[in-house]
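Participant: Provided below: my_file-v3.tsv, containing TSV, C-alpha atoms.
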```
chain	number	residue	atom	x	y	z
A	10	MET	CA	10.09	-18.23	16.66
A	11	ALA	CA	13.79	-19.14	16.36
A	12	ARG	CA	14.58	-21.48	19.25
A	13	SER	CA	18.23	-20.46	19.55
A	14	THR	CA	17.65	-16.70	19.70
A	15	ARG	CA	13.97	-16.52	20.73
A	16	GLU	CA	13.41	-14.11	17.83
A	17	GLU	CA	9.88	-13.98	16.46
A	18	PHE	CA	9.16	-13.93	12.74
A	19	ALA	CA	6.10	-13.60	10.55
A	20	ALA	CA	5.22	-16.24	7.98
A	21	LYS	CA	3.10	-16.11	4.84
A	22	PHE	CA	1.74	-19.36	3.44
A	23	ILE	CA	0.82	-19.26	-0.26
A	24	PRO	CA	-0.87	-22.24	-1.93
A	25	CYS	CA	0.87	-22.85	-5.25
A	26	CYS	CA	-1.70	-24.43	-7.50
A	27	ASN	CA	-1.01	-24.04	-11.20
A	28	ALA	CA	-2.88	-20.74	-11.44
A	29	ARG	CA	-1.07	-19.14	-8.48
A	30	ARG	CA	2.44	-20.55	-8.81
A	31	ALA	CA	3.74	-17.79	-11.08
A	32	VAL	CA	2.24	-15.09	-8.83
A	33	ALA	CA	3.74	-16.64	-5.69
A	34	LEU	CA	7.18	-16.95	-7.25
A	35	ARG	CA	6.99	-13.37	-8.50
A	36	GLU	CA	6.33	-12.16	-4.95
A	37	LEU	CA	9.33	-14.14	-3.71
A	38	GLN	CA	11.51	-12.67	-6.46
A	39	ILE	CA	10.40	-9.14	-5.53
A	40	LEU	CA	11.19	-9.71	-1.85
A	41	ARG	CA	14.64	-11.01	-2.75
A	42	ARG	CA	15.22	-7.87	-4.80
A	43	LEU	CA	14.44	-5.62	-1.83
A	44	SER	CA	17.24	-5.55	0.74
A	45	PRO	CA	16.24	-5.27	4.41
A	46	HIS	CA	14.87	-1.79	5.04
A	47	LEU	CA	13.48	-0.06	8.11
A	48	ARG	CA	10.11	0.59	6.46
A	49	LEU	CA	9.59	-2.83	4.89
A	50	SER	CA	8.71	-6.28	6.12
A	51	SER	CA	11.78	-8.02	4.67
A	52	LEU	CA	12.47	-11.55	3.51
A	53	ARG	CA	14.24	-13.82	5.98
A	54	ASN	CA	13.87	-17.18	4.27
A	55	ALA	CA	11.57	-19.15	2.01
A	56	PHE	CA	10.62	-22.80	1.65
A	57	GLN	CA	8.94	-24.30	-1.38
A	58	THR	CA	7.07	-27.57	-1.73
A	59	PRO	CA	5.30	-28.94	-4.81
A	60	ASP	CA	2.03	-27.31	-3.75
A	61	SER	CA	2.93	-24.37	-1.49
A	62	LEU	CA	5.37	-21.57	-0.74
A	63	LEU	CA	6.21	-20.49	2.81
A	64	ILE	CA	7.76	-17.03	3.08
A	65	ILE	CA	9.46	-16.16	6.38
A	66	LEU	CA	9.61	-12.43	7.07
A	67	SER	CA	12.19	-10.84	9.34
A	68	ASP	CA	9.74	-8.87	11.43
A	69	LEU	CA	6.70	-9.82	13.44
A	70	CYS	CA	4.43	-6.84	12.83
A	71	TYR	CA	1.49	-5.93	14.98
A	72	GLU	CA	-1.76	-4.06	14.40
A	73	GLU	CA	-2.63	-1.95	11.40
A	74	MET	CA	-1.53	1.67	11.41
A	75	LEU	CA	-5.15	2.87	11.33
A	76	ASP	CA	-6.04	0.74	14.34
A	77	ARG	CA	-3.15	2.25	16.29
A	78	LEU	CA	-4.18	5.75	15.29
A	79	SER	CA	-7.80	5.14	16.28
A	80	LYS	CA	-6.72	4.14	19.80
A	81	LYS	CA	-5.28	7.57	20.48
A	82	THR	CA	-7.56	9.74	22.63
A	83	GLU	CA	-6.87	12.60	20.27
A	84	PHE	CA	-4.46	13.22	17.43
A	85	SER	CA	-3.51	16.04	15.10
A	86	GLU	CA	-2.35	16.41	11.52
A	87	SER	CA	1.19	16.30	12.90
A	88	ASP	CA	0.53	12.80	14.26
A	89	VAL	CA	-0.76	11.66	10.87
A	90	THR	CA	2.29	13.22	9.22
A	91	ILE	CA	4.58	10.93	11.24
A	92	TYR	CA	3.01	7.86	9.65
A	93	ILE	CA	2.58	9.23	6.13
A	94	ARG	CA	6.21	10.39	6.02
A	95	GLN	CA	7.35	6.87	6.89
A	96	LEU	CA	5.08	5.41	4.23
A	97	LEU	CA	6.60	7.72	1.62
A	98	GLU	CA	10.10	6.78	2.80
A	99	GLY	CA	9.29	3.12	2.27
A	100	LEU	CA	7.80	3.76	-1.15
A	101	ALA	CA	10.81	5.85	-2.17
A	102	TYR	CA	13.06	2.91	-1.36
A	103	ILE	CA	10.81	0.42	-3.17
A	104	HIS	CA	10.64	2.64	-6.26
A	105	GLY	CA	14.40	3.17	-6.12
A	106	CYS	CA	14.73	-0.60	-6.48
A	107	ASP	CA	12.57	-0.43	-9.62
A	108	VAL	CA	9.60	-2.06	-7.92
A	109	MET	CA	5.93	-1.02	-7.82
A	110	HIS	CA	3.94	-2.18	-4.79
A	111	LEU	CA	0.48	-1.66	-6.37
A	112	ASP	CA	-1.54	-2.61	-3.29
A	113	ILE	CA	-1.12	0.20	-0.76
A	114	LYS	CA	-4.07	0.04	1.64
A	115	PRO	CA	-4.57	0.06	5.44
A	116	SER	CA	-4.18	-3.70	5.93
A	117	ASN	CA	-0.74	-3.58	4.27
A	118	ILE	CA	0.66	-0.89	6.58
A	119	LEU	CA	1.46	-2.43	9.95
A	120	MET	CA	3.05	-1.25	13.17
A	121	ALA	CA	6.57	-2.57	13.78
A	122	HIS	CA	6.29	-2.51	17.58
A	123	PRO	CA	3.48	-2.90	20.14
A	124	THR	CA	3.91	0.67	21.40
A	125	GLY	CA	6.22	2.58	19.03
A	126	ASP	CA	5.25	4.65	16.00
A	127	ASN	CA	7.36	2.91	13.35
A	128	ILE	CA	5.47	1.36	10.45
A	129	LYS	CA	6.30	-1.31	7.90
A	130	ILE	CA	4.90	-1.87	4.42
A	131	CYS	CA	3.98	-5.50	3.85
A	132	ASP	CA	2.37	-7.87	1.33
A	133	PHE	CA	4.03	-7.69	-2.07
A	134	GLY	CA	1.56	-10.05	-3.72
A	135	PHE	CA	0.60	-7.49	-6.40
A	136	ALA	CA	4.08	-5.96	-6.73
A	137	GLN	CA	5.89	-5.83	-10.05
A	138	GLN	CA	9.42	-5.09	-11.12
A	139	VAL	CA	9.55	-2.07	-13.41
A	140	ILE	CA	10.43	-3.09	-16.95
A	141	PRO	CA	11.59	-0.04	-18.93
A	142	SER	CA	9.86	0.60	-22.26
A	143	HIS	CA	7.13	-1.94	-21.44
A	144	SER	CA	3.47	-1.24	-20.70
A	145	GLN	CA	2.63	-2.96	-17.43
A	146	HIS	CA	-0.81	-3.56	-15.97
A	147	SER	CA	-2.06	-4.58	-12.55
A	148	CYS	CA	-4.82	-6.74	-11.15
A	149	PHE	CA	-7.74	-4.82	-9.72
A	150	GLY	CA	-7.19	-3.64	-6.15
A	151	PHE	CA	-9.39	-2.44	-3.30
A	152	PRO	CA	-11.92	0.03	-4.81
A	153	GLU	CA	-11.45	2.84	-2.29
A	154	PHE	CA	-7.66	2.90	-2.76
A	155	VAL	CA	-7.09	1.83	-6.34
A	156	ALA	CA	-5.62	4.35	-8.78
A	157	PRO	CA	-7.73	5.29	-11.83
A	158	GLU	CA	-5.33	3.69	-14.30
A	159	ILE	CA	-5.72	0.32	-12.57
A	160	THR	CA	-9.50	0.64	-12.68
A	161	LEU	CA	-9.36	1.25	-16.44
A	162	ASN	CA	-6.67	-1.36	-17.10
A	163	LEU	CA	-4.27	1.31	-18.32
A	164	PRO	CA	-0.48	1.06	-17.85
A	165	VAL	CA	0.73	1.50	-14.28
A	166	SER	CA	3.87	3.15	-12.94
A	167	THR	CA	5.43	4.00	-9.59
A	168	ALA	CA	3.03	6.97	-9.53
A	169	SER	CA	0.20	4.45	-9.12
A	170	ASP	CA	1.46	3.90	-5.56
A	171	LEU	CA	1.08	7.58	-4.68
A	172	TRP	CA	-2.65	7.81	-5.35
A	173	PRO	CA	-3.56	5.52	-2.40
A	174	VAL	CA	-1.24	7.53	-0.14
A	175	GLY	CA	-3.45	10.55	-0.81
A	176	VAL	CA	-6.57	8.50	-0.08
A	177	LEU	CA	-5.02	7.11	3.09
A	178	THR	CA	-4.01	10.57	4.29
A	179	TYR	CA	-7.60	11.77	3.94
A	180	LEU	CA	-8.86	8.64	5.71
A	181	CYS	CA	-6.52	9.21	8.66
A	182	LEU	CA	-7.72	12.79	9.04
A	183	HIS	CA	-11.46	12.23	8.61
A	184	GLY	CA	-12.26	8.59	9.26
A	185	THR	CA	-13.61	7.86	5.79
A	186	THR	CA	-12.18	7.71	2.29
A	187	PRO	CA	-12.93	10.59	-0.11
A	188	PHE	CA	-14.31	8.44	-2.93
A	189	ILE	CA	-16.53	6.04	-0.98
A	190	GLY	CA	-19.87	5.37	-2.68
A	191	GLU	CA	-22.96	3.31	-1.96
A	192	ASN	CA	-21.30	0.29	-3.59
A	193	ASP	CA	-18.07	-0.63	-5.36
A	194	ARG	CA	-19.33	0.60	-8.72
A	195	ALA	CA	-20.24	4.00	-7.30
A	196	THR	CA	-16.88	4.20	-5.54
A	197	LEU	CA	-15.01	3.50	-8.77
A	198	GLN	CA	-17.07	6.11	-10.59
A	199	ASN	CA	-16.06	8.64	-7.94
A	200	VAL	CA	-12.42	7.63	-8.37
A	201	LEU	CA	-12.65	8.27	-12.10
A	202	ARG	CA	-14.30	11.66	-11.58
A	203	GLY	CA	-11.29	12.60	-9.50
A	204	TRP	CA	-10.42	14.68	-6.48
A	205	SER	CA	-11.11	18.00	-8.21
A	206	CYS	CA	-14.83	17.13	-8.30
A	207	LEU	CA	-15.06	16.58	-4.54
A	208	LYS	CA	-15.45	20.15	-3.29
A	209	ARG	CA	-17.12	19.20	-0.01
A	210	GLN	CA	-14.30	16.81	0.90
A	211	GLN	CA	-11.67	19.43	0.13
A	212	ALA	CA	-13.41	22.01	2.32
A	213	ARG	CA	-12.91	19.81	5.39
A	214	LEU	CA	-9.11	20.00	5.18
A	215	SER	CA	-6.53	22.52	6.25
A	216	THR	CA	-4.74	24.31	3.42
A	217	GLY	CA	-1.58	22.27	3.93
A	218	SER	CA	-3.39	18.93	3.94
A	219	ARG	CA	-5.51	19.88	0.95
A	220	ASP	CA	-2.47	20.88	-1.10
A	221	PHE	CA	-0.63	17.68	-0.16
A	222	ILE	CA	-3.57	15.43	-1.05
A	223	CYS	CA	-4.23	17.35	-4.27
A	224	GLN	CA	-0.67	16.67	-5.40
A	225	LEU	CA	-1.03	12.94	-4.74
A	226	LEU	CA	-4.45	12.69	-6.39
A	227	ALA	CA	-3.56	14.82	-9.40
A	228	GLN	CA	-4.75	13.41	-12.70
A	229	GLU	CA	-2.93	14.21	-15.92
A	230	GLN	CA	-6.07	13.52	-17.89
A	231	LYS	CA	-9.80	13.24	-17.35
A	232	TYR	CA	-10.76	9.59	-17.39
A	233	GLU	CA	-13.80	8.73	-19.44
A	234	HIS	CA	-16.01	5.83	-18.40
```
Is it possible to give me this structure as structure tokens?

Facilitator:
Amino acid sequence: MARSTREEFAAKFIPCCNARRAVALRELQILRRLSPHLRLSSLRNAFQTPDSLLIILSDLCYEEMLDRLSKKTEFSESDVTIYIRQLLEGLAYIHGCDVMHLDIKPSNILMAHPTGDNIKICDFGFAQQVIPSHSQHSCFGFPEFVAPEITLNLPVSTASDLWPVGVLTYLCLHGTTPFIGENDRATLQNVLRGWSCLKRQQARLSTGSRDFICQLLAQEQKYEH
């Protein structure tokens, strides 16, 4: 909290041992590249010591979006649309700055206010700046939300951020992710098989939701594994 203004901020403490220093500094560089935006948790300041990095963020966010949604007595697809539209707005801005987030999942989508419906995308620890004409790869993410190309260590792009939006949309509507398996390996196998193989999951959706999710989970190729 700033004593002079009583403003509250969020802080992220990152240990900077030799193995993590480059990753921590990359996250700081990404945050500096992204100007303050309504849908992002933006950089306010940063302090570096020989063994740590403290990132001060301009907004104190609250609970996860899914937790807020689950507290509603009832909600419709229109309610889910409010959140997903904001998520896409944030990603459009991030991608317009030539940045890939690469870790879209429920814990990284937080509510901006205790009672309002505005969300903010946070945690740019896996984010990368887009380098034209270069093949870029990402660390493995959370199995239920990771795009197939990340699972197979294939080149990533801004499109890799859209796959988890489709998964998250389904999760908001049905309380479970479409590719969940008995364990992480089974989940990843389901991810590689793709949305087109999940007929039962598709049948649970309205036509509009199914078409929207199909577009986000479209695969240009069949992944072999």

Participant: Between A:Gln224, A:Thr185, A:Ser67, A:Gln138, single out the one closest to His46 (chain A), counting only C-alpha atoms.

Facilitator: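 Of A:Gln224, A:Thr185, A:Ser67, A:Gln138, the one nearest His46 (chain A), counting only C-alpha atoms, is A:Ser67.
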
Participant: Considering only C-alpha atoms, return as a list in words whatever protein or nucleic-acid residues lie within 12 Å of Pro141 (chain A), sequence-local ones (same chain, fewer than 6 positions apart) excluded.

Facilitator: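 Near neighbours after the sequence-gap exclusion: Asp107, Val108, Val165, Ser166 and Thr167 of chain A.
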
Participant: Taking (1.1, 13.7, -0.9) in the file's coordinates, which residues come within 7 Å, counting all atoms listed in the file, written as an mmCIF file with C-alpha atoms, in the coordinates of the input?

Facilitator:
```
data_model
loop_
_atom_site.group_PDB
_atom_site.id
_atom_site.type_symbol
_atom_site.label_atom_id
_atom_site.label_comp_id
_atom_site.auth_asym_id
_atom_site.auth_seq_id
_atom_site.Cartn_x
_atom_site.Cartn_y
_atom_site.Cartn_z
ATOM 1 C CA VAL A 174 -1.240 7.530 -0.140
ATOM 2 C CA GLY A 175 -3.450 10.550 -0.810
ATOM 3 C CA PHE A 221 -0.630 17.680 -0.160
ATOM 4 C CA ILE A 222 -3.570 15.430 -1.050
ATOM 5 C CA GLN A 224 -0.670 16.670 -5.400
ATOM 6 C CA LEU A 225 -1.030 12.940 -4.740
#
```

Participant: With only C-alpha atoms as the counted atoms, please give the residues lying no more than 6 Å from region 155-158 of chain A, apart from itself and same-chain residues fewer than 6 positions off, as a ChimeraX atom specification.

Facilitator: /A:169,172,201

Participant: Which is closer to Leu100 (chain A) than all the others in A:Cys26, A:Cys131, A:Leu119, A:Ile64, using only C-alpha atoms?

Facilitator: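 Looking at the shortest contact to Leu100 (chain A), the residue is A:Cys131.
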
Participant: Can you pull out the residues contacting Pro123 (chain A)? Cut-off 8 Å, using only C-alpha atoms, and skip same-chain residues under 3 positions away; I want them as a VMD selection string.

Facilitator: chain A and resid 71 to 72 120

Participant: Considering only C-alpha atoms, state which residue in the set A:Ser44, A:Ser85, A:Ser142, A:Gln95 is at the smallest distance from Ser218 (chain A).

Facilitator: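 Distance minimum relative to Ser218 (chain A) lands on A:Ser85.
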
Participant: Would you mind reading off the distance between CA of Met74 (chain A) and CA of Leu97 (chain A), one decimal, in Å?

Facilitator: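 Straight-line distance from CA of Met74 (chain A) to CA of Leu97 (chain A) works out to 14.1 Å.
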
Participant: Residues within 7 Å of region 202-213 of chain A, please, as a PyMOL selection string. Count all atoms listed in the file; anything in the same chain fewer than 6 positions from it doesn't count.

Facilitator: chain A and resi 187+219+226

Participant: Smallest atom-to-atom distance to Asn199 (chain A): which of A:Thr160, A:Asn117, A:Thr178, A:Thr90, using only C-alpha atoms?

Facilitator: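 So, comparing all the options, the nearest one is A:Thr160.
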
Participant: So, with only C-alpha atoms as the atoms that count, which of A:Cys70, A:Ala227, A:Leu43, A:Ala136 lies closest to His122 (chain A)?

Facilitator: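 Closest residue, counting only C-alpha atoms: A:Cys70.
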
Participant: Compile the contact shell of Gly134 (chain A) as a list in words: residues with an atom at most 8 Å away, counting all atoms listed in the file, same-chain residues fewer than 5 positions apart removed.

Facilitator: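 With the cut-off at 8 Å, the set is Val32, Ala33, Arg35 and Glu36 of chain A.
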
Participant: Compare A:Asp88, A:Lys80, A:Ser215, A:Phe135 by their minimum atom-to-atom distance to Leu37 (chain A), counting all atoms listed in the file, and give me the closest one.

Facilitator: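 With all atoms listed in the file as the atom set, the closest residue is A:Phe135.
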
Participant: For a test of reading the model, state the distance in Å between CA of Asn162 (chain A) and CA of Ile118 (chain A), rounded to one decimal.

Facilitator: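 Computing it gives 24.8 Å between the two atoms.
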
Participant: What does the distance between CA of Arg29 (chain A) and CA of Pro115 (chain A) come to in Å, to one decimal place?

Facilitator: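 Interatomic distance, CA of Arg29 (chain A) to CA of Pro115 (chain A): 24.0 Å.
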